[in-house]
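One file, structure-v9.txt, is given below (compact mmCIF, C-alpha atoms).
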# COMPACT_ATOMS: atom_id res chain seq x y z
CA MET Z 1 48.51 27.89 -79.79
CA PRO Z 2 49.79 24.33 -80.01
CA ASP Z 3 49.38 22.00 -77.02
CA ALA Z 4 51.84 19.89 -75.07
CA PHE Z 5 50.27 16.56 -74.14
CA ILE Z 6 51.05 14.07 -71.38
CA VAL Z 7 50.95 10.60 -72.90
CA ASP Z 8 52.10 8.55 -69.93
CA ALA Z 9 53.75 8.96 -66.53
CA VAL Z 10 55.48 6.41 -64.33
CA ARG Z 11 57.49 6.21 -61.17
CA THR Z 12 59.30 3.72 -59.01
CA GLY Z 13 58.13 2.87 -55.55
CA SER Z 14 60.03 4.71 -52.86
CA GLY Z 15 62.97 3.27 -51.00
CA ARG Z 16 64.36 4.52 -47.73
CA GLY Z 17 67.32 6.72 -48.58
CA LYS Z 18 69.87 5.06 -46.35
CA PRO Z 19 72.01 1.91 -46.45
CA GLY Z 20 69.74 -1.10 -46.38
CA GLY Z 21 66.84 0.72 -48.03
CA ALA Z 22 64.94 -1.23 -50.66
CA LEU Z 23 66.61 0.63 -53.55
CA SER Z 24 69.98 1.37 -51.95
CA GLY Z 25 71.60 -1.42 -53.94
CA VAL Z 26 70.49 0.04 -57.27
CA HIS Z 27 72.80 2.46 -59.04
CA PRO Z 28 70.98 5.77 -59.71
CA VAL Z 29 71.74 5.51 -63.44
CA ASP Z 30 69.98 2.14 -63.50
CA LEU Z 31 67.12 3.54 -61.43
CA LEU Z 32 66.50 6.32 -63.94
CA ALA Z 33 66.98 3.96 -66.88
CA THR Z 34 64.22 1.74 -65.50
CA VAL Z 35 61.54 4.44 -65.79
CA LEU Z 36 62.80 5.48 -69.23
CA GLU Z 37 62.55 1.90 -70.48
CA SER Z 38 59.07 1.57 -68.98
CA LEU Z 39 57.71 4.57 -70.89
CA VAL Z 40 58.91 3.13 -74.18
CA GLN Z 41 57.56 -0.32 -73.38
CA ARG Z 42 54.16 0.96 -72.23
CA THR Z 43 53.58 3.27 -75.18
CA GLY Z 44 55.36 1.39 -77.96
CA ILE Z 45 57.10 4.48 -79.29
CA ASP Z 46 60.32 4.29 -81.26
CA PRO Z 47 62.98 5.66 -78.88
CA ALA Z 48 64.83 7.05 -81.91
CA ALA Z 49 62.00 9.60 -82.21
CA ILE Z 50 62.76 11.14 -78.80
CA ASP Z 51 64.01 14.68 -79.32
CA ASP Z 52 65.42 15.11 -75.83
CA VAL Z 53 65.48 13.70 -72.30
CA ILE Z 54 65.49 16.27 -69.49
CA ALA Z 55 66.17 14.93 -66.01
CA GLY Z 56 66.03 16.54 -62.60
CA CYS Z 57 68.69 15.64 -60.08
CA VAL Z 58 69.79 17.68 -57.07
CA THR Z 59 72.97 16.04 -55.77
CA GLN Z 60 74.94 15.91 -59.00
CA ALA Z 61 77.99 14.34 -57.39
CA GLY Z 62 79.51 10.89 -57.15
CA GLU Z 63 77.34 8.31 -58.91
CA GLN Z 64 74.89 11.04 -59.95
CA SER Z 65 77.48 13.26 -61.63
CA VAL Z 66 78.59 13.69 -65.26
CA ASN Z 67 75.07 14.33 -66.66
CA ILE Z 68 73.14 11.37 -65.24
CA ALA Z 69 70.40 11.94 -67.84
CA ARG Z 70 72.72 11.06 -70.71
CA ASN Z 71 74.11 8.05 -68.84
CA ALA Z 72 70.58 6.79 -68.19
CA VAL Z 73 69.72 7.15 -71.90
CA PHE Z 74 72.65 4.84 -72.69
CA ALA Z 75 71.68 2.45 -69.88
CA ALA Z 76 68.09 2.30 -71.16
CA GLY Z 77 69.34 1.17 -74.57
CA PHE Z 78 68.10 4.25 -76.40
CA PRO Z 79 69.88 5.14 -79.64
CA GLU Z 80 72.99 7.24 -79.22
CA THR Z 81 71.25 9.96 -81.24
CA VAL Z 82 68.94 10.73 -78.28
CA PRO Z 83 70.37 13.71 -76.34
CA ALA Z 84 69.85 14.36 -72.65
CA THR Z 85 70.55 17.00 -70.04
CA THR Z 86 70.32 17.27 -66.27
CA VAL Z 87 68.79 20.25 -64.46
CA ASP Z 88 68.80 21.38 -60.85
CA ARG Z 89 66.04 23.54 -59.45
CA GLN Z 90 66.45 21.87 -56.09
CA CYS Z 91 63.36 19.94 -54.94
CA GLY Z 92 61.41 21.03 -58.03
CA SER Z 93 64.02 19.78 -60.50
CA SER Z 94 61.88 17.25 -62.36
CA GLN Z 95 58.84 19.54 -62.25
CA GLN Z 96 61.05 22.11 -63.95
CA ALA Z 97 62.21 19.40 -66.37
CA ALA Z 98 58.56 18.79 -67.30
CA ALA Z 99 57.99 22.52 -67.77
CA PHE Z 100 61.06 22.85 -69.99
CA ALA Z 101 59.97 19.80 -71.99
CA ALA Z 102 56.42 21.05 -72.46
CA GLN Z 103 57.60 24.53 -73.34
CA GLY Z 104 59.83 23.02 -76.02
CA VAL Z 105 56.79 21.31 -77.52
CA LEU Z 106 54.73 24.51 -77.30
CA ALA Z 107 57.51 26.39 -79.08
CA GLY Z 108 57.57 23.83 -81.88
CA TYR Z 109 61.10 22.58 -81.21
CA TYR Z 110 60.17 19.21 -79.72
CA ASP Z 111 57.67 16.58 -80.83
CA VAL Z 112 58.62 13.80 -78.41
CA VAL Z 113 60.41 14.49 -75.13
CA ILE Z 114 60.79 12.77 -71.79
CA ALA Z 115 60.91 14.73 -68.54
CA CYS Z 116 62.18 12.69 -65.64
CA GLY Z 117 64.08 12.76 -62.39
CA VAL Z 118 66.10 10.64 -60.02
CA GLU Z 119 67.67 10.81 -56.59
CA SER Z 120 69.45 8.09 -54.68
CA MET Z 121 69.84 9.68 -51.28
CA SER Z 122 71.34 6.47 -49.92
CA ARG Z 123 74.20 6.54 -52.45
CA ALA Z 124 74.57 10.30 -53.05
CA PRO Z 125 73.71 11.78 -49.64
CA MET Z 126 72.17 15.23 -49.43
CA PHE Z 127 74.81 17.99 -49.17
CA SER Z 128 77.60 15.62 -50.23
CA ALA Z 129 78.23 17.80 -53.29
CA MET Z 130 79.15 20.69 -50.99
CA GLN Z 131 81.92 18.78 -49.22
CA GLY Z 132 82.20 21.45 -46.55
CA LYS Z 133 82.89 24.20 -49.09
CA ASP Z 134 81.61 27.77 -49.13
CA VAL Z 135 78.89 27.64 -51.80
CA TYR Z 136 77.79 31.27 -51.36
CA GLY Z 137 80.77 33.53 -51.85
CA ALA Z 138 81.51 37.01 -50.54
CA LYS Z 139 78.93 39.02 -52.48
CA LEU Z 140 75.98 36.86 -51.43
CA ALA Z 141 77.24 36.94 -47.85
CA ALA Z 142 77.33 40.73 -48.02
CA ARG Z 143 73.72 40.85 -49.18
CA TYR Z 144 72.59 38.56 -46.34
CA PRO Z 145 74.97 39.46 -43.50
CA ASP Z 146 72.98 37.47 -40.94
CA GLY Z 147 73.37 34.41 -43.11
CA LEU Z 148 70.88 32.11 -44.78
CA VAL Z 149 69.39 29.16 -42.91
CA THR Z 150 68.67 25.49 -43.45
CA GLN Z 151 65.27 24.33 -44.63
CA GLY Z 152 64.56 22.90 -41.19
CA ILE Z 153 64.86 26.36 -39.65
CA SER Z 154 62.70 27.78 -42.44
CA ALA Z 155 60.04 25.21 -41.61
CA GLU Z 156 60.23 26.19 -37.94
CA ILE Z 157 59.76 29.88 -38.82
CA ILE Z 158 56.73 29.05 -40.99
CA SER Z 159 55.20 26.98 -38.19
CA ALA Z 160 55.55 29.91 -35.81
CA ARG Z 161 54.37 32.66 -38.15
CA TRP Z 162 51.36 30.72 -39.41
CA LYS Z 163 50.58 29.63 -35.82
CA LEU Z 164 50.82 25.92 -36.59
CA ASP Z 165 51.47 24.06 -33.36
CA ARG Z 166 53.07 20.65 -32.93
CA GLU Z 167 49.70 18.86 -32.74
CA ALA Z 168 48.57 20.38 -36.05
CA LEU Z 169 51.80 19.28 -37.75
CA ASP Z 170 51.66 15.76 -36.35
CA THR Z 171 47.98 15.42 -37.23
CA PHE Z 172 48.74 16.36 -40.81
CA ALA Z 173 51.65 13.91 -40.94
CA ALA Z 174 49.54 11.06 -39.59
CA GLN Z 175 46.87 11.87 -42.17
CA SER Z 176 49.48 11.68 -44.95
CA HIS Z 177 50.42 8.15 -43.90
CA ALA Z 178 46.78 7.12 -43.50
CA ARG Z 179 45.83 8.40 -46.95
CA ALA Z 180 48.87 6.82 -48.60
CA ALA Z 181 48.30 3.50 -46.85
CA ALA Z 182 44.64 3.45 -47.91
CA ALA Z 183 45.57 4.30 -51.51
CA ALA Z 184 48.22 1.58 -51.60
CA ALA Z 185 45.82 -1.00 -50.14
CA ALA Z 186 43.19 -0.05 -52.74
CA GLY Z 187 45.68 -0.47 -55.59
CA ASP Z 188 45.56 3.22 -56.49
CA PHE Z 189 49.32 3.33 -57.15
CA ASP Z 190 49.52 0.10 -59.14
CA ALA Z 191 49.22 1.73 -62.57
CA GLU Z 192 51.88 4.35 -61.89
CA ILE Z 193 54.56 2.27 -60.15
CA VAL Z 194 56.91 0.26 -62.36
CA PRO Z 195 58.95 -2.61 -60.90
CA VAL Z 196 62.65 -2.16 -60.23
CA PRO Z 197 64.81 -5.30 -60.37
CA VAL Z 198 66.64 -5.72 -57.08
CA GLY Z 199 68.73 -8.86 -57.03
CA ASP Z 200 66.41 -11.82 -57.53
CA THR Z 201 63.28 -9.81 -56.69
CA GLU Z 202 61.43 -6.67 -57.79
CA HIS Z 203 60.62 -3.59 -55.77
CA ARG Z 204 57.15 -2.19 -56.57
CA ALA Z 205 55.86 -0.48 -53.43
CA ASP Z 206 56.49 2.61 -51.30
CA GLU Z 207 58.76 1.52 -48.48
CA THR Z 208 58.33 4.84 -46.68
CA ILE Z 209 54.60 4.47 -45.88
CA ARG Z 210 53.99 3.64 -42.21
CA PRO Z 211 50.35 2.51 -41.92
CA THR Z 212 50.41 2.35 -38.12
CA THR Z 213 51.45 6.01 -37.68
CA THR Z 214 49.47 7.84 -35.00
CA VAL Z 215 49.47 11.38 -33.68
CA ASP Z 216 50.40 10.08 -30.24
CA GLY Z 217 53.37 8.19 -31.64
CA LEU Z 218 54.58 11.19 -33.61
CA GLY Z 219 54.22 13.35 -30.50
CA ARG Z 220 56.94 11.35 -28.77
CA LEU Z 221 59.59 12.27 -31.34
CA ALA Z 222 62.14 14.91 -30.42
CA PRO Z 223 62.46 18.10 -32.51
CA ALA Z 224 65.13 17.61 -35.16
CA PHE Z 225 66.71 21.06 -35.41
CA VAL Z 226 67.21 22.09 -31.78
CA GLY Z 227 70.74 23.38 -31.44
CA ASP Z 228 71.04 24.75 -34.97
CA PRO Z 229 72.72 28.11 -34.27
CA ALA Z 230 70.71 29.81 -37.01
CA GLY Z 231 67.60 29.28 -34.91
CA ASP Z 232 68.88 31.66 -32.27
CA ARG Z 233 67.96 34.58 -34.55
CA PHE Z 234 64.25 33.81 -34.37
CA ALA Z 235 62.66 34.16 -30.96
CA GLU Z 236 59.31 32.85 -32.18
CA ILE Z 237 60.63 29.35 -32.99
CA GLU Z 238 59.03 26.72 -30.76
CA TRP Z 239 60.95 23.69 -32.11
CA SER Z 240 58.14 21.59 -33.56
CA ILE Z 241 59.71 20.04 -36.66
CA THR Z 242 60.58 16.36 -36.22
CA ALA Z 243 61.54 13.43 -38.39
CA GLY Z 244 57.88 12.38 -38.20
CA ASN Z 245 56.35 15.54 -39.67
CA SER Z 246 59.05 15.93 -42.34
CA SER Z 247 59.64 14.00 -45.55
CA PRO Z 248 62.10 11.10 -45.19
CA LEU Z 249 65.32 10.69 -47.14
CA THR Z 250 64.31 8.63 -50.17
CA ASP Z 251 65.54 6.83 -53.28
CA GLY Z 252 63.39 6.90 -56.41
CA ALA Z 253 62.89 7.87 -60.04
CA SER Z 254 60.01 9.10 -62.19
CA ALA Z 255 59.37 9.96 -65.85
CA VAL Z 256 56.73 11.60 -68.05
CA LEU Z 257 56.32 11.24 -71.82
CA ILE Z 258 55.29 14.53 -73.47
CA MET Z 259 54.27 14.92 -77.11
CA SER Z 260 52.98 17.34 -79.69
CA GLU Z 261 49.71 16.70 -81.51
CA ARG Z 262 51.70 15.78 -84.61
CA ALA Z 263 53.56 13.08 -82.68
CA LEU Z 264 50.33 11.70 -81.22
CA THR Z 265 49.01 11.24 -84.74
CA ARG Z 266 52.25 9.65 -85.91
CA PHE Z 267 52.24 7.03 -83.14
CA GLY Z 268 48.48 6.62 -82.85
CA LEU Z 269 48.46 7.48 -79.16
CA ALA Z 270 45.77 9.12 -77.03
CA PRO Z 271 46.90 11.73 -74.51
CA ARG Z 272 45.97 11.52 -70.85
CA ALA Z 273 46.25 15.26 -70.17
CA ARG Z 274 47.63 18.52 -71.47
CA PHE Z 275 49.67 21.23 -69.81
CA HIS Z 276 47.48 24.23 -69.06
CA SER Z 277 49.71 26.69 -67.19
CA PHE Z 278 53.17 27.09 -65.68
CA ALA Z 279 54.69 29.43 -63.15
CA VAL Z 280 58.03 29.71 -61.40
CA THR Z 281 58.90 32.32 -58.83
CA GLY Z 282 61.45 33.40 -56.30
CA ASP Z 283 60.63 34.36 -52.71
CA ASP Z 284 62.31 35.15 -49.40
CA PRO Z 285 65.32 32.76 -49.14
CA VAL Z 286 65.11 32.69 -45.34
CA LEU Z 287 61.45 31.68 -45.22
CA MET Z 288 62.52 29.70 -48.30
CA LEU Z 289 59.58 27.29 -48.49
CA THR Z 290 56.72 29.75 -48.99
CA GLY Z 291 57.28 30.39 -52.70
CA ILE Z 292 54.51 27.91 -53.47
CA ILE Z 293 51.95 30.55 -52.44
CA PRO Z 294 52.87 33.25 -55.01
CA ALA Z 295 53.70 30.57 -57.60
CA THR Z 296 50.20 29.09 -57.29
CA ARG Z 297 48.58 32.51 -57.56
CA LYS Z 298 50.68 33.28 -60.62
CA ALA Z 299 49.67 30.03 -62.35
CA LEU Z 300 45.99 30.62 -61.57
CA GLU Z 301 46.08 34.23 -62.76
CA ARG Z 302 47.53 33.17 -66.09
CA THR Z 303 44.54 30.92 -66.75
CA GLY Z 304 41.68 32.87 -65.19
CA LEU Z 305 40.95 29.88 -62.96
CA SER Z 306 40.31 30.07 -59.23
CA ILE Z 307 41.46 27.57 -56.64
CA ASP Z 308 37.86 26.27 -56.54
CA ASP Z 309 38.21 25.21 -60.20
CA ILE Z 310 41.04 22.84 -59.31
CA ALA Z 311 39.85 19.30 -58.59
CA ALA Z 312 43.03 18.12 -56.86
CA TYR Z 313 46.27 19.69 -55.68
CA GLU Z 314 49.60 18.04 -55.05
CA VAL Z 315 51.62 20.28 -52.73
CA ASN Z 316 54.95 18.73 -51.82
CA GLU Z 317 55.17 17.80 -48.16
CA ALA Z 318 58.80 18.68 -47.57
CA PHE Z 319 57.70 19.60 -44.05
CA ALA Z 320 54.14 19.60 -42.69
CA PRO Z 321 53.89 23.39 -42.24
CA VAL Z 322 54.53 24.00 -45.94
CA PRO Z 323 51.25 22.59 -47.34
CA LEU Z 324 49.37 23.82 -44.26
CA ALA Z 325 50.51 27.41 -44.81
CA TRP Z 326 49.63 27.08 -48.51
CA LEU Z 327 46.20 25.71 -47.60
CA ASN Z 328 45.57 28.65 -45.30
CA ASP Z 329 46.65 31.39 -47.69
CA LEU Z 330 44.89 29.93 -50.74
CA ALA Z 331 41.70 29.12 -48.78
CA ALA Z 332 41.82 25.73 -50.48
CA ASP Z 333 39.78 22.60 -49.73
CA PRO Z 334 41.74 20.25 -47.41
CA ALA Z 335 40.01 17.21 -48.95
CA ARG Z 336 41.57 17.98 -52.34
CA LEU Z 337 45.09 18.39 -50.93
CA ASN Z 338 47.31 15.35 -51.50
CA PRO Z 339 44.35 12.94 -51.42
CA ARG Z 340 46.61 9.90 -51.73
CA GLY Z 341 49.09 11.14 -49.18
CA GLY Z 342 52.20 13.16 -49.79
CA ALA Z 343 55.94 13.14 -49.36
CA ILE Z 344 55.79 12.66 -45.59
CA ALA Z 345 54.49 9.16 -46.37
CA LEU Z 346 55.51 8.54 -49.98
CA GLY Z 347 59.00 9.96 -49.66
CA HIS Z 348 60.86 12.86 -51.23
CA ALA Z 349 63.55 11.62 -53.61
CA LEU Z 350 64.60 15.18 -54.37
CA GLY Z 351 65.23 15.16 -58.12
CA ALA Z 352 62.40 12.72 -58.79
CA SER Z 353 59.67 14.35 -56.70
CA GLY Z 354 58.32 16.83 -59.26
CA ALA Z 355 57.54 14.18 -61.87
CA ARG Z 356 56.35 11.85 -59.10
CA LEU Z 357 53.75 14.42 -58.01
CA LEU Z 358 52.66 14.87 -61.62
CA THR Z 359 52.29 11.11 -62.05
CA THR Z 360 50.17 10.77 -58.91
CA LEU Z 361 48.09 13.86 -59.72
CA LEU Z 362 47.26 12.42 -63.14
CA GLY Z 363 46.02 9.21 -61.52
CA VAL Z 364 43.86 11.12 -59.04
CA LEU Z 365 42.19 13.17 -61.80
CA GLU Z 366 41.46 10.05 -63.84
CA ALA Z 367 40.03 8.20 -60.85
CA THR Z 368 37.78 11.06 -59.78
CA GLY Z 369 36.87 12.55 -63.16
CA GLY Z 370 38.39 15.90 -62.17
CA ARG Z 371 39.28 18.27 -64.96
CA TYR Z 372 42.09 20.46 -63.62
CA GLY Z 373 44.93 19.53 -61.29
CA LEU Z 374 47.67 21.65 -59.77
CA GLN Z 375 51.05 20.71 -58.38
CA THR Z 376 53.53 22.97 -56.63
CA MET Z 377 56.93 22.43 -55.05
CA CYS Z 378 58.89 24.53 -52.57
CA GLU Z 379 62.56 24.69 -53.47
CA GLY Z 380 65.89 25.59 -51.91
CA GLY Z 381 66.87 29.23 -52.18
CA GLY Z 382 63.29 30.44 -51.87
CA MET Z 383 61.95 29.30 -55.25
CA ALA Z 384 58.83 27.38 -56.30
CA ASN Z 385 57.24 25.89 -59.39
CA ALA Z 386 53.50 25.55 -60.03
CA THR Z 387 51.91 23.63 -62.87
CA ILE Z 388 48.27 23.20 -63.87
CA ILE Z 389 47.25 20.27 -66.06
CA GLU Z 390 43.94 19.44 -67.69
CA ARG Z 391 42.76 15.83 -67.84
CA LEU Z 392 41.59 14.73 -71.30

Take the structure in the file and give it back as structure tokens.
Amino acid sequence: MPDAFIVDAVRTGSGRGKPGGALSGVHPVDLLATVLESLVQRTGIDPAAIDDVIAGCVTQAGEQSVNIARNAVFAAGFPETVPATTVDRQCGSSQQAAAFAAQGVLAGYYDVVIACGVESMSRAPMFSAMQGKDVYGAKLAARYPDGLVTQGISAEIISARWKLDREALDTFAAQSHARAAAAAAAGDFDAEIVPVPVGDTEHRADETIRPTTTVDGLGRLAPAFVGDPAGDRFAEIEWSITAGNSSPLTDGASAVLIMSERALTRFGLAPRARFHSFAVTGDDPVLMLTGIIPATRKALERTGLSIDDIAAYEVNEAFAPVPLAWLNDLAADPARLNPRGGAIALGHALGASGARLLTTLLGVLEATGGRYGLQTMCEGGGMANATIIERL
């Protein structure tokens, strides 16, 4: 079998996804173009050799509409011969983009491809594409007569069913900020973050990290989803999800350069890692966020590896109970889970998060000498992606 190699991976620092955030003044096309340009500059490849650009983006409306991947290719100055497409697998969109890109290399149809993602939640707010419309239709409503729920309610159900109380959630959230702050202070993110021009300055840090976060401080925050009528269906809900133990609205972009062995030889480049296994699965759309558990098991089964063989895992922190439930069911090592912090601290720029996790995971493996790394993302509609990479 051929291999699909990761040559380089970059991301922007995070910006708060609201007016006044560090990246709120940057058009999302320009944000994505910045990481595309950086990959070419860092590796020295001829952009004309790129077979495709596959970008994840969730809110494909307003400034993020009309195939933002293709617009970013133009904005990055790539030749017009470079095609591009935009995919939406909700929060896992750019992880799916990386899987599609790697699978194209494995199939022999790509030699050089960029998987990337972008989300400007300050300029294209979450749910703005829905505009109050019915996005489900009559047949789906007939299948789920009680109705589907928001992710916040799903997180509340998970907290209750896995017996994760408010203190456990807040402790995990505080740990995410502490780990991310320590990594930032140590320069662990310096190699992966590329600067974004913002007016007369450059943004090159994660604005969403709060180094002074404490469990006591988080404990004073009010639950965010009290009053959601969907919650009335679930007597076990204790209302423990807050803004503090959830990922913040975020702006950001990320990109990964993926090549075949033939392309590595052509450009004289050394790979940093190779893709080892992929999995994607569907799960209960009401629990919604638990698909990461069967997706991880599926990815491991395909390789014959156990969770103990994985040196580091990046499990997206959409809400604190999600990685905690995963940790419990996989009997995984808490020290290997999001060792540089996760989305609660680093932000969750929806379409960019999958490639952002891959970028950070690669840096962790290289810093620790670990061989295998796993990333997994919960996704709207009860889906999840899992990917295992092998450091080279």

Original post:
What is the distance, in Å and to one decimal place, between CA of Asn71 (chain Z) and CA of Ala349 (chain Z)?
Top reply: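 If I compute the distance from CA of Asn71 (chain Z) to CA of Ala349 (chain Z), I get 18.9 Å.
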
Original post:
Do you have the CA of Ala69 (chain Z)-CA of Asp283 (chain Z) distance handy?
Top reply: 28.8 Å

Subject >> d(CA of Ile158 (chain Z), CA of Gln90 (chain Z)) in Å >> reply: 19.3 Å

**OP:** Identify which of the residues Z:Gly363, Z:Lys139, Z:Gly17, Z:Gly381 lies closest to Asp190 (chain Z), counting all atoms listed in the file when measuring atom-to-atom distances.
**Re:** Z:Gly363

Subject >> Residue contacts of Glu80 (chain Z) (12 Å, all atoms listed in the file) excluding same-chain residues fewer than 2 positions away, as a PyMOL selection string >> reply: chain Z and resi 47-52+70-78+82-84

**OP:** Using all atoms listed in the file, pick whichever of Z:Leu169, Z:Val315, Z:Leu36, Z:Ala332 has the shortest atom-to-atom distance to Asn245 (chain Z).
**Re:** Z:Leu169

**OP:** Identify which of the residues Z:Gly217, Z:Pro28, Z:Gly304, Z:Pro223 lies closest to Glu156 (chain Z), counting only C-alpha atoms when measuring atom-to-atom distances.
**Re:** Z:Pro223

**OP:** Would you kindly return, as a PyMOL selection string, each protein, DNA or RNA residue with an atom no farther than 6 Å from any atom of Gly13 (chain Z), considering all atoms listed in the file and excluding same-chain residues fewer than 6 positions away?
**Re:** chain Z and resi 193+204-206

Residues from last step as file, C-alpha atoms, as a short mmCIF file (atom, residue, chain, number, x, y, z; two decimals), in the frame of the given file:
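Once everything was written out, this is again-v1.cif:
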data_model
loop_
_atom_site.label_atom_id
_atom_site.label_comp_id
_atom_site.auth_asym_id
_atom_site.auth_seq_id
_atom_site.Cartn_x
_atom_site.Cartn_y
_atom_site.Cartn_z
CA ILE Z 193 54.56 2.27 -60.15
CA ARG Z 204 57.15 -2.19 -56.57
CA ALA Z 205 55.86 -0.48 -53.43
CA ASP Z 206 56.49 2.61 -51.30
#

Residues within 12 Å of Ser277 (chain Z), only C-alpha atoms, excluding chain neighbours under 4 positions, as an mmCIF file with C-alpha atoms, keeping the file's coordinate frame:
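Below you can see out19.cif, which holds the result:
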data_model
loop_
_atom_site.group_PDB
_atom_site.id
_atom_site.type_symbol
_atom_site.label_atom_id
_atom_site.label_comp_id
_atom_site.auth_asym_id
_atom_site.auth_seq_id
_atom_site.Cartn_x
_atom_site.Cartn_y
_atom_site.Cartn_z
ATOM 1 C CA ASP Z 3 49.380 22.000 -77.020
ATOM 2 C CA ALA Z 4 51.840 19.890 -75.070
ATOM 3 C CA ALA Z 98 58.560 18.790 -67.300
ATOM 4 C CA ALA Z 99 57.990 22.520 -67.770
ATOM 5 C CA ALA Z 102 56.420 21.050 -72.460
ATOM 6 C CA GLN Z 103 57.600 24.530 -73.340
ATOM 7 C CA LEU Z 106 54.730 24.510 -77.300
ATOM 8 C CA ALA Z 295 53.700 30.570 -57.600
ATOM 9 C CA THR Z 296 50.200 29.090 -57.290
ATOM 10 C CA ARG Z 297 48.580 32.510 -57.560
ATOM 11 C CA LYS Z 298 50.680 33.280 -60.620
ATOM 12 C CA ALA Z 299 49.670 30.030 -62.350
ATOM 13 C CA LEU Z 300 45.990 30.620 -61.570
ATOM 14 C CA GLU Z 301 46.080 34.230 -62.760
ATOM 15 C CA ARG Z 302 47.530 33.170 -66.090
ATOM 16 C CA THR Z 303 44.540 30.920 -66.750
ATOM 17 C CA GLY Z 304 41.680 32.870 -65.190
ATOM 18 C CA LEU Z 305 40.950 29.880 -62.960
ATOM 19 C CA TYR Z 372 42.090 20.460 -63.620
ATOM 20 C CA GLY Z 373 44.930 19.530 -61.290
ATOM 21 C CA LEU Z 374 47.670 21.650 -59.770
ATOM 22 C CA GLN Z 375 51.050 20.710 -58.380
ATOM 23 C CA THR Z 376 53.530 22.970 -56.630
ATOM 24 C CA ASN Z 385 57.240 25.890 -59.390
ATOM 25 C CA ALA Z 386 53.500 25.550 -60.030
ATOM 26 C CA THR Z 387 51.910 23.630 -62.870
ATOM 27 C CA ILE Z 388 48.270 23.200 -63.870
ATOM 28 C CA ILE Z 389 47.250 20.270 -66.060
ATOM 29 C CA GLU Z 390 43.940 19.440 -67.690
#

**OP:** Give the answer as one residue: which of Z:Leu358, Z:Ile45, Z:Ile293, Z:Val215 has the shortest atom-to-atom distance to Leu264 (chain Z), using only C-alpha atoms?
**Re:**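 The closest residue to Leu264 (chain Z) is Z:Ile45.
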
Subject >> Within-9 Å shell of (62.2, 21.9, -29.5) in input frame, only C-alpha atoms, as number ranges by chain >> reply: Z: 222-227, 237-242

Subject >> For Gly20 (chain Z), the nearest of the candidates Z:Leu330, Z:Met121, Z:Val87, Z:Cys378, counting all atoms listed in the file >> reply: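 Ranking Z:Leu330, Z:Met121, Z:Val87, Z:Cys378 by distance to Gly20 (chain Z), first place goes to Z:Met121.
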
**OP:** Give as a list of chain:residue names each residue that has an atom at most 8 Å from (64.8, 17.5, -53.6) in the file, counting only C-alpha atoms.
**Re:**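 Neighbouring residues, ordered by chain and number, come to Z:Cys57, Z:Val58, Z:Gln90, Z:Cys91, Z:Gly92, Z:Ser93, Z:Glu119, Z:His348, Z:Ala349, Z:Leu350, Z:Gly351, Z:Ala352, Z:Ser353, Z:Glu379.
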
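Taking all atoms listed in the file into account, Ala186 (chain Z) lies nearest to Z:Ala367 out of the set Z:Ala367, Z:Leu148, Z:Ala325, Z:Ala138.
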
Subject >> Spatial neighbours of Val149 (chain Z), 9 Å, all atoms listed in the file, chain gap at least 4 places, as a list in words >> reply: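 Near Val149 (chain Z), the qualifying residues are Ile153, Ser154, Ala230, Gly231, Pro285, Val286, Leu287 and Met288 of chain Z.
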
Original post:
Near Arg371 (chain Z), counting only C-alpha atoms, which residues have an atom at most 10 Å away, once you skip same-chain residues fewer than 5 positions from it, shown as a list of chain:residue names?
Top reply: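 Near Arg371 (chain Z), the qualifying residues are Z:Ala273, Z:Asp309, Z:Ile310, Z:Ala311, Z:Ala312, Z:Leu365, Z:Glu366, Z:Ile389, Z:Glu390, Z:Arg391, Z:Leu392.
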